[in-house]
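To start, the structure itself, in structure tokens.
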Amino acid sequence: MQLPQKPTPRVFSGMQPTGNLHLGNYLGAMVRWVEMQNSHECIYCVVDMHAITLWQDPGELKQAIRSVTAAYIAAGLDPDKSILFNQSQVYEHAELAWILNCVARLGWLNRMTQFKEKAGKDRENASVGLYAYPVLMAADILAYRATHVPVGEDQKQHLELCRDIAQKFNNDFSAAIRAAGFEDGTFFPLPEPVIMGPATRVMSLRDGTKKMSKSEPSDMSRINLTDDADTIARKIGRAKTDPHPLPESEAELEGRPEADNLVGIYAALADTSKAAVLAKFGGGQFSTFKAALSELAVARLAPVNAEMNRLLADPAEIDRILATGARKAQAIAAPIVTRAKDIVGFLRS
Ligand code: TYM
């Protein structure tokens with residue numbers, strides 16, 4: 001199959017099926033994904049192979065894959081417009097990851113802050129998969145020669161690594177790449193991170209200096225996509241704040257991480273800017289603002305929650321959607337990965 005010389009614009013992103021999806025995943029990534037599906041060719045993956053870099057209960061993992069898929073669709077991704085699938089059904093990801101493991105350098109991986117955070121103090125006991133995690137992520141993106149990757153701020157370093165790996169592959173194999181007909185010597189594009197909007201880093205409701213995260217022990221620190229209206233209101237009501245009224249300008253949010261976070265969440269949910277939120281609520285008390293924020297969060301998230309539950313009642317349908325998506329994804333990835341194998345020098349029958 002003939003590949004285009006220049007990669008065509010294509011969006012790829014993914015989410016891990018571990019723990020509950022939360023407001024950070026929704027505002028930092030999914031909302032953007034939904035917007036992009038109307039203007040771009042989009043591929044959205046449930047990255048189950050990344051999930052097992054930390055041990056997962058096998059029964060729970062299956063359910064979590066369906067649950068993330070249901071969240072994708074409930075948030076507005078349309079399986080007829082975007083390709084939705086789970087990573088392990090398309091073996092090209094693993095195949096390309098091996099080749100890229102041989103391109104990436106140990107020194108590059110040693111700098112990855114997320115590995116240091118996740119491995120903690122007992123680094124010797126972390127899985128090799130956890131260490132090589134960002135290389136698999138690069139393979140996810142490059143197996144489709146994707147050009148745009150919408151993610152939250154925390155994935156920025158991984159995307160820089162992906163660009164370094166793509167660049168080194170293009171350099172290391174430049175003669176073979178040109179011989180294969182890619183005249184400018186570029187086989188893999190350097191994908192652009194798309195990190196945009198007022199909520200690229202949603203912080204914990206209990207501590208405005210820490211990221212909202214699935215792995216944080218306190219459930220009060222995050223709003224889950226599965227939370228009901230009362231729970232959402234209770235969590236926002238108890239969210240940490242400071243004793244001052246809300247400021248009138250964005251500059252005055254500096255040094256007030258909790259206020260900054262809540263204003264950013266409001267702005268993202270209302271699809272507006274922090275400045276516009278402060279124009280409305282600046283000078284007022286947190287209690288008034290929190291009541292408005294609760295109402296807005298419930299109005300935005302309750303329909304997503306209801307649709308997720310409706311979809312999860314029919315797991316066979318979700319499995320069918322994933323199988324169809326996997327076939328479509330593989331049709332794109334297979335010729336790219338086959339060509340990468342040729343370029344590296346593998347023989348094929
Ligand atoms: P994951 O599953 O941790 O998170 C999924 C997406 O949610 C974003 N996100 C946040 N955004 C704002 N505020 C937060 N508190 C917050 N927490 C999470 C993440 O930035 C991400 O966009 N390594 C990736 C998954 C992955 C991937 C890929 C992404 C695997 N292969 C290829 C893009 C392309 C991850 O663990 O995301």
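Naming works like this for the structure tokens: A, B, ... for the chains as they're shown, residue 1 at the start of each chain, ligands 1 onward in shown order.
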Taking a cut-off of 9 Å and counting only C-alpha atoms and all ligand atoms, can you build a table that, for each residue of chain A near ligand 1, reports the nearest atom pair and how far apart they are in Å (one decimal), sorted by chain then residue number, as CSV?
```
residue,atom,partner,partner_atom_place_in_ligand_line,distance
A:Phe12,CA,ligand 1,34 (C),5.9
A:Ser13,CA,ligand 1,33 (C),3.8
A:Gly14,CA,ligand 1,27 (C),4.2
A:Met15,CA,ligand 1,2 (O),3.7
A:Gln16,CA,ligand 1,2 (O),3.8
A:Pro17,CA,ligand 1,2 (O),6.9
A:Thr18,CA,ligand 1,2 (O),7.5
A:Leu21,CA,ligand 1,2 (O),8.1
A:His22,CA,ligand 1,17 (N),7.6
A:Leu23,CA,ligand 1,14 (C),7.4
A:Gly24,CA,ligand 1,14 (C),3.7
A:Asn25,CA,ligand 1,7 (O),3.6
A:Tyr26,CA,ligand 1,7 (O),6.8
A:Leu27,CA,ligand 1,12 (C),6.3
A:Gly28,CA,ligand 1,11 (N),3.6
A:Ala29,CA,ligand 1,22 (O),4.8
A:Met30,CA,ligand 1,7 (O),7.4
A:Tyr44,CA,ligand 1,34 (C),8.5
A:Cys45,CA,ligand 1,31 (N),7.6
A:Val46,CA,ligand 1,30 (C),8.0
A:Val47,CA,ligand 1,30 (C),5.6
A:Asp48,CA,ligand 1,30 (C),8.8
A:Met49,CA,ligand 1,30 (C),8.7
A:His50,CA,ligand 1,30 (C),6.5
A:Ala51,CA,ligand 1,36 (O),8.2
A:Gln87,CA,ligand 1,31 (N),8.8
A:Tyr133,CA,ligand 1,23 (N),7.8
A:Pro134,CA,ligand 1,23 (N),7.1
A:Leu136,CA,ligand 1,31 (N),6.9
A:Met137,CA,ligand 1,31 (N),4.0
A:Ala138,CA,ligand 1,32 (C),6.6
A:Ala139,CA,ligand 1,32 (C),8.0
A:Asp140,CA,ligand 1,32 (C),5.4
A:Ile141,CA,ligand 1,32 (C),5.5
A:Val149,CA,ligand 1,33 (C),5.9
A:Pro150,CA,ligand 1,22 (O),6.5
A:Val151,CA,ligand 1,22 (O),3.3
A:Gly152,CA,ligand 1,20 (O),3.1
A:Glu153,CA,ligand 1,20 (O),5.5
A:Asp154,CA,ligand 1,20 (O),5.0
A:Gln155,CA,ligand 1,20 (O),4.9
A:Lys156,CA,ligand 1,20 (O),7.9
A:His158,CA,ligand 1,23 (N),7.4
A:Leu159,CA,ligand 1,34 (C),7.8
A:Pro193,CA,ligand 1,33 (C),8.9
A:Ile195,CA,ligand 1,20 (O),8.6
A:Ala199,CA,ligand 1,12 (C),6.0
A:Thr200,CA,ligand 1,12 (C),4.4
A:Arg201,CA,ligand 1,13 (N),3.6
A:Val202,CA,ligand 1,13 (N),3.7
A:Met203,CA,ligand 1,15 (N),5.5
A:Ser204,CA,ligand 1,15 (N),7.4
A:Lys210,CA,ligand 1,15 (N),8.4
A:Lys211,CA,ligand 1,15 (N),4.7
A:Met212,CA,ligand 1,15 (N),4.0
A:Ser213,CA,ligand 1,17 (N),5.7
A:Lys214,CA,ligand 1,17 (N),7.8
A:Arg222,CA,ligand 1,15 (N),8.8
```
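Proximity to Thr8 in chain A at 10 Å, evaluated using only C-alpha atoms and with sequence-adjacent residues fewer than 6 positions away removed, yields Glu41, Tyr144, Arg145, Ala146, Thr147 and Pro189 of chain A.
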Would you save the residues of that selection, restricted to N, CA and C atoms, as a PDB file, in the first residue's frame?
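As a result, again02.pdb now contains:
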```pdb
ATOM      1  N   GLU A  41      -9.366  14.119  11.138  1.00  0.00           N
ATOM      2  CA  GLU A  41      -9.451  12.667  11.253  1.00  0.00           C
ATOM      3  C   GLU A  41      -8.910  12.322  12.642  1.00  0.00           C
ATOM      4  N   TYR A 144       0.448   5.729  13.546  1.00  0.00           N
ATOM      5  CA  TYR A 144      -0.555   6.346  12.656  1.00  0.00           C
ATOM      6  C   TYR A 144       0.033   7.559  11.936  1.00  0.00           C
ATOM      7  N   ARG A 145       1.302   7.810  12.120  1.00  0.00           N
ATOM      8  CA  ARG A 145       1.948   9.048  11.644  1.00  0.00           C
ATOM      9  C   ARG A 145       1.073  10.244  12.032  1.00  0.00           C
ATOM     10  N   ALA A 146       0.607  10.224  13.300  1.00  0.00           N
ATOM     11  CA  ALA A 146      -0.298  11.281  13.763  1.00  0.00           C
ATOM     12  C   ALA A 146       0.464  12.597  13.866  1.00  0.00           C
ATOM     13  N   THR A 147      -0.233  13.695  13.604  1.00  0.00           N
ATOM     14  CA  THR A 147       0.406  15.011  13.588  1.00  0.00           C
ATOM     15  C   THR A 147       0.012  15.874  14.786  1.00  0.00           C
ATOM     16  N   PRO A 189       6.393  12.008  11.256  1.00  0.00           N
ATOM     17  CA  PRO A 189       6.261  13.443  11.528  1.00  0.00           C
ATOM     18  C   PRO A 189       6.617  13.705  12.992  1.00  0.00           C
TER      19      PRO A 189
END
```
Contact table range 147-189 of chain A vs range 315-338 of chain A, cut-off 12 Å, shortest pair per residue, only C-alpha atoms, as a Markdown table:
```
| residue | atom | partner | partner_atom | distance |
| --- | --- | --- | --- | --- |
| A:Ala180 | CA | A:Thr338 | CA | 12.0 |
| A:Phe187 | CA | A:Ile336 | CA | 9.3 |
| A:Phe188 | CA | A:Ile336 | CA | 9.5 |
```
Per DSSP on the backbone, what are the helix (DSSP H, G or I) residues of range 40-245 of chain A, as a ChimeraX atom specification?
-> /A:48-51,58-75,87-89,92-101,106-110,113-119,123-125,128-142,153-172,174-179,219-221,229-238
Give the strand (DSSP E) residues of range 73-307 of chain A, as assigned by DSSP on the backbone, as a ChimeraX atom specification.
-> /A:83-86,148-150,192-194
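Proximity to Leu205 in chain A at 8 Å, evaluated using only C-alpha atoms and with sequence-adjacent residues fewer than 3 positions away removed, yields Gly208, Met212, Met220, Ser221, Arg222, Lys235, Ile236, Ala239, Lys240 and Glu258 of chain A.
Using only C-alpha atoms, the shortest contact distance between Tyr266 in chain A and any of A:Gly345, A:Pro7, A:Pro243, A:Pro198 is found at A:Pro198.
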Which residue of A:Phe281, A:Asn38, A:Met308, A:Thr209 approaches Arg256 in chain A most closely, using only C-alpha atoms =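 Looking at the shortest contact to Arg256 in chain A, the residue is A:Thr209.
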What is the distance between CA of Asn309 in chain A and CA of Arg32 in chain A, in Å to one decimal?
->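 Separation of CA of Asn309 in chain A and CA of Arg32 in chain A: 22.4 Å.
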